[in-house]
>>> print(open('work29.cif').read())   # mmCIF, C-alpha atoms and all ligand atoms
data_target
loop_
_atom_site.group_PDB
_atom_site.id
_atom_site.type_symbol
_atom_site.label_atom_id
_atom_site.label_comp_id
_atom_site.auth_asym_id
_atom_site.auth_seq_id
_atom_site.Cartn_x
_atom_site.Cartn_y
_atom_site.Cartn_z
ATOM 1 C CA MET A 22 0.000 0.000 0.000
ATOM 2 C CA ARG A 23 1.308 3.459 -0.901
ATOM 3 C CA GLY A 24 1.901 5.953 1.880
ATOM 4 C CA ILE A 25 4.013 8.432 3.815
ATOM 5 C CA LYS A 26 5.241 7.379 7.233
ATOM 6 C CA LEU A 27 6.031 10.428 9.363
ATOM 7 C CA ALA A 28 8.279 9.977 12.411
ATOM 8 C CA LYS A 29 7.041 11.085 15.843
ATOM 9 C CA ASN A 30 10.231 13.081 16.348
ATOM 10 C CA ILE A 31 10.071 15.884 13.820
ATOM 11 C CA GLY A 32 10.798 19.599 14.185
ATOM 12 C CA PHE A 33 12.958 21.281 16.819
ATOM 13 C CA CYS A 34 14.193 19.454 19.902
ATOM 14 C CA SER A 35 13.452 21.183 23.224
ATOM 15 C CA GLY A 36 16.916 22.832 23.353
ATOM 16 C CA VAL A 37 16.648 24.363 19.888
ATOM 17 C CA ARG A 38 13.032 25.460 20.428
ATOM 18 C CA ARG A 39 14.054 27.218 23.643
ATOM 19 C CA ALA A 40 17.015 28.883 21.877
ATOM 20 C CA ILE A 41 14.906 30.187 18.982
ATOM 21 C CA ASN A 42 12.192 31.481 21.353
ATOM 22 C CA ILE A 43 14.777 33.429 23.376
ATOM 23 C CA VAL A 44 16.407 34.880 20.240
ATOM 24 C CA GLU A 45 13.041 35.935 18.772
ATOM 25 C CA GLU A 46 12.007 37.503 22.069
ATOM 26 C CA THR A 47 15.333 39.387 22.247
ATOM 27 C CA LEU A 48 14.993 40.575 18.635
ATOM 28 C CA SER A 49 11.470 41.866 19.237
ATOM 29 C CA HIS A 50 12.472 43.891 22.312
ATOM 30 C CA SER A 51 16.023 45.026 21.619
ATOM 31 C CA LYS A 52 16.449 48.649 20.612
ATOM 32 C CA SER A 53 20.010 48.016 19.428
ATOM 33 C CA LYS A 54 21.436 45.472 16.970
ATOM 34 C CA VAL A 55 21.568 41.833 18.086
ATOM 35 C CA TYR A 56 24.632 39.836 16.998
ATOM 36 C CA SER A 57 25.461 36.164 16.859
ATOM 37 C CA LEU A 58 28.970 34.821 16.405
ATOM 38 C CA GLY A 59 28.276 32.196 13.736
ATOM 39 C CA PRO A 60 24.877 30.519 13.505
ATOM 40 C CA VAL A 61 22.795 30.132 16.696
ATOM 41 C CA ILE A 62 21.743 26.675 15.476
ATOM 42 C CA HIS A 63 22.910 24.624 12.482
ATOM 43 C CA ASN A 64 20.051 25.211 10.070
ATOM 44 C CA PRO A 65 20.399 27.820 7.271
ATOM 45 C CA GLU A 66 16.603 28.000 6.685
ATOM 46 C CA VAL A 67 16.002 29.113 10.277
ATOM 47 C CA ILE A 68 19.003 31.441 10.243
ATOM 48 C CA LYS A 69 17.663 33.153 7.086
ATOM 49 C CA GLN A 70 14.392 33.853 8.939
ATOM 50 C CA LEU A 71 16.209 35.225 11.984
ATOM 51 C CA GLU A 72 18.318 37.451 9.732
ATOM 52 C CA LYS A 73 15.109 38.842 8.239
ATOM 53 C CA LYS A 74 14.146 39.767 11.808
ATOM 54 C CA ASN A 75 17.475 41.642 12.062
ATOM 55 C CA LEU A 76 19.812 39.141 13.684
ATOM 56 C CA CYS A 77 23.346 39.994 12.479
ATOM 57 C CA ILE A 78 25.593 36.966 12.075
ATOM 58 C CA VAL A 79 29.277 37.904 12.398
ATOM 59 C CA ASP A 80 32.377 35.743 12.113
ATOM 60 C CA SER A 81 34.455 37.737 14.587
ATOM 61 C CA LEU A 82 33.807 39.984 17.581
ATOM 62 C CA ASP A 83 36.473 42.469 16.433
ATOM 63 C CA ASN A 84 34.133 45.076 14.951
ATOM 64 C CA LEU A 85 31.424 44.900 17.602
ATOM 65 C CA GLU A 86 30.969 48.086 19.601
ATOM 66 C CA ARG A 87 31.210 47.917 23.382
ATOM 67 C CA SER A 88 27.964 46.868 25.123
ATOM 68 C CA SER A 89 26.489 45.315 21.946
ATOM 69 C CA VAL A 90 24.020 42.450 22.420
ATOM 70 C CA LEU A 91 25.562 39.060 21.584
ATOM 71 C CA VAL A 92 23.679 35.741 21.410
ATOM 72 C CA LEU A 93 25.682 32.713 22.559
ATOM 73 C CA PRO A 94 24.722 29.619 20.504
ATOM 74 C CA SER A 95 22.824 26.517 21.697
ATOM 75 C CA HIS A 96 25.844 24.197 21.379
ATOM 76 C CA GLY A 97 28.059 26.136 23.813
ATOM 77 C CA THR A 98 30.782 28.779 23.520
ATOM 78 C CA PRO A 99 34.564 28.384 23.881
ATOM 79 C CA ARG A 100 36.169 30.201 26.852
ATOM 80 C CA LYS A 101 38.323 32.382 24.526
ATOM 81 C CA ILE A 102 35.183 33.936 23.013
ATOM 82 C CA LEU A 103 33.619 34.490 26.431
ATOM 83 C CA ASP A 104 36.786 36.304 27.573
ATOM 84 C CA ILE A 105 36.724 38.640 24.545
ATOM 85 C CA ALA A 106 33.005 39.292 25.109
ATOM 86 C CA LYS A 107 33.710 40.158 28.746
ATOM 87 C CA LYS A 108 36.508 42.567 27.817
ATOM 88 C CA LYS A 109 34.195 44.327 25.368
ATOM 89 C CA ASN A 110 31.466 44.447 27.992
ATOM 90 C CA LEU A 111 29.035 42.786 25.567
ATOM 91 C CA ARG A 112 25.519 42.081 26.799
ATOM 92 C CA LEU A 113 25.201 38.308 26.504
ATOM 93 C CA VAL A 114 22.052 36.364 25.693
ATOM 94 C CA ASP A 115 22.995 32.779 26.481
ATOM 95 C CA VAL A 116 20.859 30.217 24.626
ATOM 96 C CA THR A 117 23.105 27.237 25.433
ATOM 97 C CA CYS A 118 20.866 24.163 25.667
ATOM 98 C CA PRO A 119 20.442 23.199 29.364
ATOM 99 C CA TYR A 120 21.512 19.672 28.478
ATOM 100 C CA VAL A 121 24.741 20.947 26.880
ATOM 101 C CA SER A 122 25.358 22.975 30.076
ATOM 102 C CA LEU A 123 24.917 19.815 32.153
ATOM 103 C CA VAL A 124 27.498 17.958 30.036
ATOM 104 C CA GLN A 125 29.863 20.917 30.464
ATOM 105 C CA LYS A 126 29.487 20.596 34.253
ATOM 106 C CA ILE A 127 30.220 16.845 34.136
ATOM 107 C CA CYS A 128 33.277 17.453 31.930
ATOM 108 C CA ASN A 129 34.633 20.092 34.301
ATOM 109 C CA MET A 130 33.897 17.922 37.349
ATOM 110 C CA LEU A 131 35.866 14.984 35.902
ATOM 111 C CA HIS A 132 38.791 17.286 35.158
ATOM 112 C CA ASN A 133 38.701 18.748 38.682
ATOM 113 C CA GLN A 134 38.710 15.225 40.120
ATOM 114 C CA GLY A 135 42.078 14.709 38.436
ATOM 115 C CA LEU A 136 40.831 12.328 35.745
ATOM 116 C CA GLU A 137 42.061 12.392 32.135
ATOM 117 C CA VAL A 138 38.955 13.334 30.187
ATOM 118 C CA ILE A 139 38.090 11.626 26.900
ATOM 119 C CA ILE A 140 35.335 13.139 24.744
ATOM 120 C CA VAL A 141 33.795 10.921 22.064
ATOM 121 C CA GLY A 142 32.707 13.409 19.407
ATOM 122 C CA ASP A 143 33.521 15.446 16.309
ATOM 123 C CA ARG A 144 36.881 17.178 16.530
ATOM 124 C CA GLY A 145 36.439 20.884 15.771
ATOM 125 C CA HIS A 146 32.685 20.981 16.514
ATOM 126 C CA PRO A 147 31.857 24.059 18.647
ATOM 127 C CA GLU A 148 30.321 21.865 21.378
ATOM 128 C CA ILE A 149 33.602 19.932 21.673
ATOM 129 C CA LYS A 150 35.712 23.119 21.597
ATOM 130 C CA ALA A 151 33.725 24.485 24.544
ATOM 131 C CA LEU A 152 34.166 21.201 26.460
ATOM 132 C CA LEU A 153 37.933 21.185 25.827
ATOM 133 C CA ASP A 154 38.188 24.583 27.536
ATOM 134 C CA LEU A 155 36.615 23.095 30.663
ATOM 135 C CA ALA A 156 39.030 20.164 30.756
ATOM 136 C CA PRO A 157 42.409 21.369 29.463
ATOM 137 C CA GLY A 158 44.416 18.472 28.051
ATOM 138 C CA ALA A 159 41.296 16.381 27.332
ATOM 139 C CA HIS A 160 41.381 13.919 24.429
ATOM 140 C CA THR A 161 38.861 13.971 21.574
ATOM 141 C CA ILE A 162 38.121 10.702 19.813
ATOM 142 C CA ASP A 163 36.209 10.957 16.550
ATOM 143 C CA ASN A 164 37.529 7.772 14.984
ATOM 144 C CA ILE A 165 37.907 4.394 16.602
ATOM 145 C CA LYS A 166 41.235 4.006 14.765
ATOM 146 C CA ASP A 167 42.646 6.888 16.863
ATOM 147 C CA ILE A 168 42.654 4.734 20.007
ATOM 148 C CA LYS A 169 46.241 3.762 20.813
ATOM 149 C CA GLU A 170 47.543 0.941 23.026
ATOM 150 C CA ASN A 171 48.448 1.605 26.670
ATOM 151 C CA VAL A 172 48.105 5.406 26.535
ATOM 152 C CA PHE A 173 46.032 5.330 29.725
ATOM 153 C CA SER A 174 47.973 2.682 31.637
ATOM 154 C CA HIS A 175 47.867 3.320 35.427
ATOM 155 C CA LYS A 176 45.720 6.414 34.872
ATOM 156 C CA LYS A 177 42.227 7.403 35.979
ATOM 157 C CA ILE A 178 40.038 8.320 33.040
ATOM 158 C CA GLY A 179 36.591 9.894 32.568
ATOM 159 C CA ILE A 180 34.749 9.273 29.286
ATOM 160 C CA ILE A 181 31.857 11.415 28.032
ATOM 161 C CA SER A 182 30.104 11.773 24.674
ATOM 162 C CA GLN A 183 29.030 14.634 22.424
ATOM 163 C CA THR A 184 25.295 15.185 23.026
ATOM 164 C CA THR A 185 24.508 14.084 19.457
ATOM 165 C CA GLN A 186 26.785 11.037 19.359
ATOM 166 C CA THR A 187 25.316 7.602 18.557
ATOM 167 C CA LYS A 188 25.030 5.012 21.351
ATOM 168 C CA ASP A 189 26.668 2.385 19.126
ATOM 169 C CA ILE A 190 29.772 4.485 18.469
ATOM 170 C CA PHE A 191 30.036 5.656 22.083
ATOM 171 C CA PHE A 192 29.963 2.154 23.568
ATOM 172 C CA GLU A 193 32.224 0.802 20.818
ATOM 173 C CA VAL A 194 34.810 3.484 21.668
ATOM 174 C CA VAL A 195 34.504 2.803 25.426
ATOM 175 C CA SER A 196 35.062 -0.919 24.947
ATOM 176 C CA LYS A 197 37.998 -0.342 22.534
ATOM 177 C CA ILE A 198 39.673 1.990 25.051
ATOM 178 C CA LEU A 199 39.382 -0.713 27.722
ATOM 179 C CA GLN A 200 40.607 -3.410 25.366
ATOM 180 C CA LYS A 201 43.680 -1.410 24.346
ATOM 181 C CA ASN A 202 44.385 -0.179 27.884
ATOM 182 C CA PRO A 203 44.060 -3.194 30.163
ATOM 183 C CA LEU A 204 46.167 -1.503 32.846
ATOM 184 C CA VAL A 205 43.955 1.561 33.218
ATOM 185 C CA LYS A 206 43.505 2.326 36.925
ATOM 186 C CA GLU A 207 39.972 3.739 37.110
ATOM 187 C CA VAL A 208 37.245 4.373 34.497
ATOM 188 C CA HIS A 209 34.288 6.750 34.955
ATOM 189 C CA THR A 210 31.893 6.565 32.015
ATOM 190 C CA TYR A 211 29.074 9.071 31.496
ATOM 191 C CA ASN A 212 26.740 8.471 28.593
ATOM 192 C CA THR A 213 25.960 12.135 27.874
ATOM 193 C CA ILE A 214 24.036 11.614 24.633
ATOM 194 C CA CYS A 215 20.849 13.662 25.002
ATOM 195 C CA LEU A 216 17.458 11.926 25.121
ATOM 196 C CA ASP A 217 16.097 13.686 22.058
ATOM 197 C CA THR A 218 19.055 12.350 20.055
ATOM 198 C CA VAL A 219 18.484 8.823 21.393
ATOM 199 C CA HIS A 220 14.783 8.903 20.456
ATOM 200 C CA ARG A 221 15.449 10.153 16.907
ATOM 201 C CA GLN A 222 18.215 7.600 16.354
ATOM 202 C CA ASP A 223 16.021 4.726 17.613
ATOM 203 C CA GLU A 224 13.227 5.887 15.345
ATOM 204 C CA VAL A 225 15.449 6.260 12.268
ATOM 205 C CA LYS A 226 16.544 2.627 12.641
ATOM 206 C CA LYS A 227 12.933 1.404 12.790
ATOM 207 C CA LEU A 228 11.809 3.608 9.909
ATOM 208 C CA ALA A 229 14.728 2.598 7.679
ATOM 209 C CA LYS A 230 13.632 -1.026 7.947
ATOM 210 C CA SER A 231 9.971 -0.393 7.208
ATOM 211 C CA VAL A 232 9.988 1.942 4.179
ATOM 212 C CA ASP A 233 11.332 1.876 0.609
ATOM 213 C CA VAL A 234 12.805 5.367 0.786
ATOM 214 C CA LEU A 235 13.786 7.293 3.916
ATOM 215 C CA LEU A 236 14.104 11.086 3.826
ATOM 216 C CA ILE A 237 16.065 12.911 6.529
ATOM 217 C CA VAL A 238 15.027 16.569 6.569
ATOM 218 C CA GLY A 239 17.801 18.830 7.845
ATOM 219 C CA SER A 240 21.019 20.609 7.094
ATOM 220 C CA ARG A 241 24.322 19.003 6.123
ATOM 221 C CA LEU A 242 25.880 21.393 8.685
ATOM 222 C CA SER A 243 24.038 19.725 11.556
ATOM 223 C CA ALA A 244 25.909 16.964 13.430
ATOM 224 C CA ASN A 245 22.747 15.148 14.550
ATOM 225 C CA THR A 246 21.218 15.275 11.044
ATOM 226 C CA LYS A 247 24.389 13.808 9.521
ATOM 227 C CA ARG A 248 24.314 10.972 12.058
ATOM 228 C CA LEU A 249 20.670 10.188 11.283
ATOM 229 C CA LEU A 250 21.599 10.062 7.607
ATOM 230 C CA SER A 251 24.488 7.661 8.059
ATOM 231 C CA MET A 252 22.503 5.437 10.471
ATOM 232 C CA GLY A 253 19.594 5.281 8.031
ATOM 233 C CA ARG A 254 21.911 4.508 5.094
ATOM 234 C CA LYS A 255 23.527 1.599 6.929
ATOM 235 C CA ILE A 256 20.109 -0.103 7.009
ATOM 236 C CA ASN A 257 18.438 1.282 3.905
ATOM 237 C CA LYS A 258 20.575 2.427 0.953
ATOM 238 C CA ARG A 259 17.710 4.587 -0.299
ATOM 239 C CA THR A 260 18.121 7.097 2.553
ATOM 240 C CA TYR A 261 18.492 10.704 1.391
ATOM 241 C CA LEU A 262 19.080 14.141 2.882
ATOM 242 C CA VAL A 263 16.471 16.805 2.096
ATOM 243 C CA GLU A 264 17.865 20.221 2.981
ATOM 244 C CA ASN A 265 14.994 22.446 1.868
ATOM 245 C CA GLU A 266 11.943 22.802 -0.400
ATOM 246 C CA GLY A 267 14.277 23.117 -3.411
ATOM 247 C CA THR A 268 15.776 19.616 -3.022
ATOM 248 C CA PRO A 269 14.601 17.614 -6.084
ATOM 249 C CA LEU A 270 12.638 14.505 -5.056
ATOM 250 C CA ASP A 271 11.297 13.088 -8.344
ATOM 251 C CA LYS A 272 14.262 10.773 -8.970
ATOM 252 C CA VAL A 273 14.540 9.418 -5.414
ATOM 253 C CA LEU A 274 10.807 8.707 -5.215
ATOM 254 C CA LYS A 275 10.675 6.689 -8.449
ATOM 255 C CA ASN A 276 9.253 3.165 -8.024
ATOM 256 C CA THR A 277 8.481 3.760 -4.344
ATOM 257 C CA ASP A 278 5.543 2.479 -2.334
ATOM 258 C CA LYS A 279 6.347 3.752 1.123
ATOM 259 C CA VAL A 280 8.309 6.887 2.071
ATOM 260 C CA GLY A 281 9.526 7.583 5.603
ATOM 261 C CA LEU A 282 10.336 11.083 6.929
ATOM 262 C CA ILE A 283 12.224 12.199 10.010
ATOM 263 C CA SER A 284 14.063 15.422 10.794
ATOM 264 C CA GLY A 285 17.200 16.583 12.569
ATOM 265 C CA ALA A 286 16.844 18.410 15.895
ATOM 266 C CA SER A 287 17.439 21.847 14.350
ATOM 267 C CA THR A 288 14.929 21.445 11.497
ATOM 268 C CA PRO A 289 11.704 23.441 11.875
ATOM 269 C CA GLU A 290 8.428 21.514 11.745
ATOM 270 C CA TRP A 291 7.097 23.772 8.956
ATOM 271 C CA LEU A 292 9.893 22.577 6.681
ATOM 272 C CA VAL A 293 9.042 18.905 7.278
ATOM 273 C CA LYS A 294 5.357 19.645 6.571
ATOM 274 C CA GLU A 295 6.330 21.492 3.407
ATOM 275 C CA ILE A 296 8.309 18.453 2.221
ATOM 276 C CA VAL A 297 5.296 16.204 2.961
ATOM 277 C CA ARG A 298 3.142 18.567 0.903
ATOM 278 C CA LYS A 299 5.655 18.409 -1.956
ATOM 279 C CA ILE A 300 5.669 14.613 -1.901
ATOM 280 C CA ARG A 301 1.857 14.511 -1.953
ATOM 281 C CA GLU A 302 1.797 16.964 -4.822
ATOM 282 C CA ALA A 303 4.312 14.960 -6.841
ATOM 283 C CA THR A 304 2.758 11.571 -6.148
ATOM 284 C CA THR A 305 -0.514 9.983 -5.279
ATOM 285 C CA TYR A 306 0.598 9.093 -1.750
ATOM 286 C CA GLY A 307 -1.773 9.465 1.163
ATOM 287 C CA ALA A 308 -0.650 10.513 4.648
ATOM 288 C CA LYS A 309 -0.362 7.934 7.412
HETATM 289 S S1 LIG A 401 19.957 17.906 20.417
HETATM 290 FE FE1 LIG A 401 19.840 17.604 22.653
HETATM 291 S S2 LIG A 401 21.630 18.688 23.454
HETATM 292 FE FE2 LIG A 401 21.345 19.406 21.359
HETATM 293 S S3 LIG A 401 20.090 21.251 21.570
HETATM 294 FE FE3 LIG A 401 18.678 19.531 21.264
HETATM 295 S S4 LIG A 401 18.087 18.860 23.348
HETATM 296 FE FE4 LIG A 401 19.957 20.114 23.515
#
>>> encode(input="work29.cif", output="structure tokens")
Amino acid sequence: MRGIKLAKNIGFCSGVRRAINIVEETLSHSKSKVYSLGPVIHNPEVIKQLEKKNLCIVDSLDNLERSSVLVLPSHGTPRKILDIAKKKNLRLVDVTCPYVSLVQKICNMLHNQGLEVIIVGDRGHPEIKALLDLAPGAHTIDNIKDIKENVFSHKKIGIISQTTQTKDIFFEVVSKILQKNPLVKEVHTYNTICLDTVHRQDEVKKLAKSVDVLLIVGSRLSANTKRLLSMGRKINKRTYLVENEGTPLDKVLKNTDKVGLISGASTPEWLVKEIVRKIREATTYGAK
């Protein structure tokens, strides 16, 4: 039977929704310009809308006047940036996701307890950069091949994950570290993958098995969207990324009975609904 299977987890996660609400509220009340160093969230469609409401995205704080309003992004801010902002007396609007803040606290706590901190996540991602500032000397592992033998012998280690990491990769890395470091003295493991991420990843696995084509709506800049895409593809080769309304769908939907749709955590619900509308328009599929 032909149909569209829509995931339960579509649209913004709670952290992104909160961030966008705060930014919109700030934009509607602020009498002066509101700046953001880089995108507040990783979705160009949403950023375009915020720019229309006068959010100014800058790539450096150099030209900002003293006391300007600066939004700190949902994925956390490196210490260096916070120090510059302080020196310039910028008025900060912090939209860091509360869950990201919690992981930052755990990271800092492990460091203060004298443990060597290991973060399982994407090297260079802003969330990881902010965590590294809270645990100087911490190790980032973004590839299981990076794990060396006996690096942590006789040491106490604390392992945490990026909030958007996959459970499979996290536990694979933890077990590889233990395998390659049999003489490690103490291991403290915190699974800090956020619940929204876990729910979307569980759902993508189920959907990938039950449809002919799986569409992941979101930006290629978003870490959690990219992970949904690669998880879906491992199970169903006909898994595709749909970034916006302009993404052509005719080819990918050819000879398809059932289409599944899920979105990344920074994708607005209206965009998912728009893609559903496009599919209905282009095909004879009914909604399910
Ligand atoms: S994906 Fe999780 S950690 Fe990231 S903003 Fe959303 S709720 Fe927060």
>>> resolve_selection(input="work29.cif", expression="the PyMOL selection byres (((chain A and resi 222) around 12) and not hetatm)", output="MDAnalysis selection string")
chainID A and resid 28:31 185:189 214:221 223:229 237 245:253 283:286
>>> closest_residue(input="work29.cif", among="A:Ile296, A:Val37, A:Ile190, A:Leu27", to="A:Pro119", atoms="all atoms listed in the file")
A:Val37
>>> atom_distance(input="work29.cif", atom1="atom CA of A:Val61", atom2="atom CA of A:Ile140")
22.6 Å
>>> atom_distance(input="work29.cif", atom1="atom CA of A:Leu71", atom2="atom CA of A:His96")
17.4 Å
>>> residues_around(input="work29.cif", residues="A:Thr47", least_positions_apart="2", cutoff="12 Å", atoms="only C-alpha atoms", output="ChimeraX atom specification")
/A:40-45,49-57,71,74-76,90-92,112-116
>>> residues_around(input="work29.cif", residues="A:Ile300", least_positions_apart="6", cutoff="9 Å", atoms="all atoms listed in the file", output="list in words")
Ile25, Leu270, Asp271, Leu274 and Tyr306 of chain A
>>> atom_distance(input="work29.cif", atom1="atom CA of A:Asn276", atom2="atom CA of A:Lys255")
20.7 Å
>>> closest_residue(input="work29.cif", among="A:Leu199, A:Ala303, A:Leu82, A:Val238", to="A:Glu290", atoms="all atoms listed in the file")
A:Val238
>>> resolve_selection(input="work29.cif", expression="the PyMOL selection byres (((chain A and resi 175) around 8) and not hetatm)", output="CSV table (one decimal) with C-alpha atoms, in the frame of the given file")
chain,number,residue,atom,x,y,z
A,173,PHE,CA,46.0,5.3,29.7
A,174,SER,CA,48.0,2.7,31.6
A,176,LYS,CA,45.7,6.4,34.9
A,177,LYS,CA,42.2,7.4,36.0
A,204,LEU,CA,46.2,-1.5,32.8
A,205,VAL,CA,44.0,1.6,33.2
A,206,LYS,CA,43.5,2.3,36.9
>>> axis_aligned_box(input="work29.cif", around="ligand LIG 401 (chain A)", padding_each_side="8 Å", output="AutoDock Vina command-line options")
--center_x 19.9 --center_y 19.4 --center_z 22.0 --size_x 19.5 --size_y 19.6 --size_z 19.1
>>> resolve_selection(input="work29.cif", expression="the PyMOL selection byres (((chain A and resi 197) around 12) and not hetatm)", output="ChimeraX atom specification")
/A:162,164-171,190-196,198-203
>>> closest_residue(input="work29.cif", among="A:Val234, A:Pro60, A:Ser95, A:Arg144", to="A:Glu72", atoms="only C-alpha atoms")
A:Pro60
>>> decode(input="work29.cif", residues="stretch 65-81 of chain A", atoms="N, CA, C and O atoms", output="PDB file, in the first residue's frame")
ATOM      1  N   PRO A  65      20.407  26.574   8.045  1.00  0.00           N
ATOM      2  CA  PRO A  65      20.399  27.820   7.271  1.00  0.00           C
ATOM      3  C   PRO A  65      18.999  28.391   7.038  1.00  0.00           C
ATOM      4  O   PRO A  65      18.839  29.612   6.955  1.00  0.00           O
ATOM      5  N   GLU A  66      17.974  27.509   6.929  1.00  0.00           N
ATOM      6  CA  GLU A  66      16.603  28.000   6.685  1.00  0.00           C
ATOM      7  C   GLU A  66      16.138  28.869   7.859  1.00  0.00           C
ATOM      8  O   GLU A  66      15.557  29.936   7.680  1.00  0.00           O
ATOM      9  N   VAL A  67      16.412  28.389   9.070  1.00  0.00           N
ATOM     10  CA  VAL A  67      16.002  29.113  10.277  1.00  0.00           C
ATOM     11  C   VAL A  67      16.837  30.384  10.425  1.00  0.00           C
ATOM     12  O   VAL A  67      16.309  31.456  10.764  1.00  0.00           O
ATOM     13  N   ILE A  68      18.123  30.272  10.117  1.00  0.00           N
ATOM     14  CA  ILE A  68      19.003  31.441  10.243  1.00  0.00           C
ATOM     15  C   ILE A  68      18.550  32.556   9.284  1.00  0.00           C
ATOM     16  O   ILE A  68      18.500  33.723   9.657  1.00  0.00           O
ATOM     17  N   LYS A  69      18.150  32.155   8.060  1.00  0.00           N
ATOM     18  CA  LYS A  69      17.663  33.153   7.086  1.00  0.00           C
ATOM     19  C   LYS A  69      16.487  33.926   7.684  1.00  0.00           C
ATOM     20  O   LYS A  69      16.383  35.138   7.568  1.00  0.00           O
ATOM     21  N   GLN A  70      15.569  33.190   8.350  1.00  0.00           N
ATOM     22  CA  GLN A  70      14.392  33.853   8.939  1.00  0.00           C
ATOM     23  C   GLN A  70      14.796  34.794  10.066  1.00  0.00           C
ATOM     24  O   GLN A  70      14.238  35.881  10.209  1.00  0.00           O
ATOM     25  N   LEU A  71      15.764  34.362  10.876  1.00  0.00           N
ATOM     26  CA  LEU A  71      16.209  35.225  11.984  1.00  0.00           C
ATOM     27  C   LEU A  71      16.915  36.469  11.445  1.00  0.00           C
ATOM     28  O   LEU A  71      16.782  37.562  11.998  1.00  0.00           O
ATOM     29  N   GLU A  72      17.640  36.296  10.331  1.00  0.00           N
ATOM     30  CA  GLU A  72      18.318  37.451   9.732  1.00  0.00           C
ATOM     31  C   GLU A  72      17.293  38.460   9.221  1.00  0.00           C
ATOM     32  O   GLU A  72      17.486  39.673   9.328  1.00  0.00           O
ATOM     33  N   LYS A  73      16.174  37.937   8.705  1.00  0.00           N
ATOM     34  CA  LYS A  73      15.109  38.842   8.239  1.00  0.00           C
ATOM     35  C   LYS A  73      14.541  39.645   9.410  1.00  0.00           C
ATOM     36  O   LYS A  73      14.032  40.749   9.247  1.00  0.00           O
ATOM     37  N   LYS A  74      14.631  39.057  10.611  1.00  0.00           N
ATOM     38  CA  LYS A  74      14.146  39.767  11.808  1.00  0.00           C
ATOM     39  C   LYS A  74      15.263  40.587  12.451  1.00  0.00           C
ATOM     40  O   LYS A  74      15.182  40.967  13.610  1.00  0.00           O
ATOM     41  N   ASN A  75      16.358  40.773  11.677  1.00  0.00           N
ATOM     42  CA  ASN A  75      17.475  41.642  12.062  1.00  0.00           C
ATOM     43  C   ASN A  75      18.541  41.043  12.962  1.00  0.00           C
ATOM     44  O   ASN A  75      19.269  41.783  13.623  1.00  0.00           O
ATOM     45  N   LEU A  76      18.668  39.731  12.987  1.00  0.00           N
ATOM     46  CA  LEU A  76      19.812  39.141  13.684  1.00  0.00           C
ATOM     47  C   LEU A  76      21.028  39.289  12.766  1.00  0.00           C
ATOM     48  O   LEU A  76      20.954  38.964  11.582  1.00  0.00           O
ATOM     49  N   CYS A  77      22.133  39.821  13.299  1.00  0.00           N
ATOM     50  CA  CYS A  77      23.346  39.994  12.479  1.00  0.00           C
ATOM     51  C   CYS A  77      24.339  38.891  12.824  1.00  0.00           C
ATOM     52  O   CYS A  77      24.820  38.825  13.952  1.00  0.00           O
ATOM     53  N   ILE A  78      24.625  38.036  11.839  1.00  0.00           N
ATOM     54  CA  ILE A  78      25.593  36.966  12.075  1.00  0.00           C
ATOM     55  C   ILE A  78      26.987  37.502  11.723  1.00  0.00           C
ATOM     56  O   ILE A  78      27.193  37.986  10.603  1.00  0.00           O
ATOM     57  N   VAL A  79      27.911  37.427  12.659  1.00  0.00           N
ATOM     58  CA  VAL A  79      29.277  37.904  12.398  1.00  0.00           C
ATOM     59  C   VAL A  79      30.245  36.736  12.574  1.00  0.00           C
ATOM     60  O   VAL A  79      29.929  35.752  13.242  1.00  0.00           O
ATOM     61  N   ASP A  80      31.426  36.840  11.920  1.00  0.00           N
ATOM     62  CA  ASP A  80      32.377  35.743  12.113  1.00  0.00           C
ATOM     63  C   ASP A  80      33.519  36.115  13.039  1.00  0.00           C
ATOM     64  O   ASP A  80      34.457  35.343  13.242  1.00  0.00           O
ATOM     65  N   SER A  81      33.455  37.326  13.595  1.00  0.00           N
ATOM     66  CA  SER A  81      34.455  37.737  14.587  1.00  0.00           C
ATOM     67  C   SER A  81      33.822  38.810  15.474  1.00  0.00           C
ATOM     68  O   SER A  81      32.895  39.524  15.058  1.00  0.00           O
TER      69      SER A  81
END
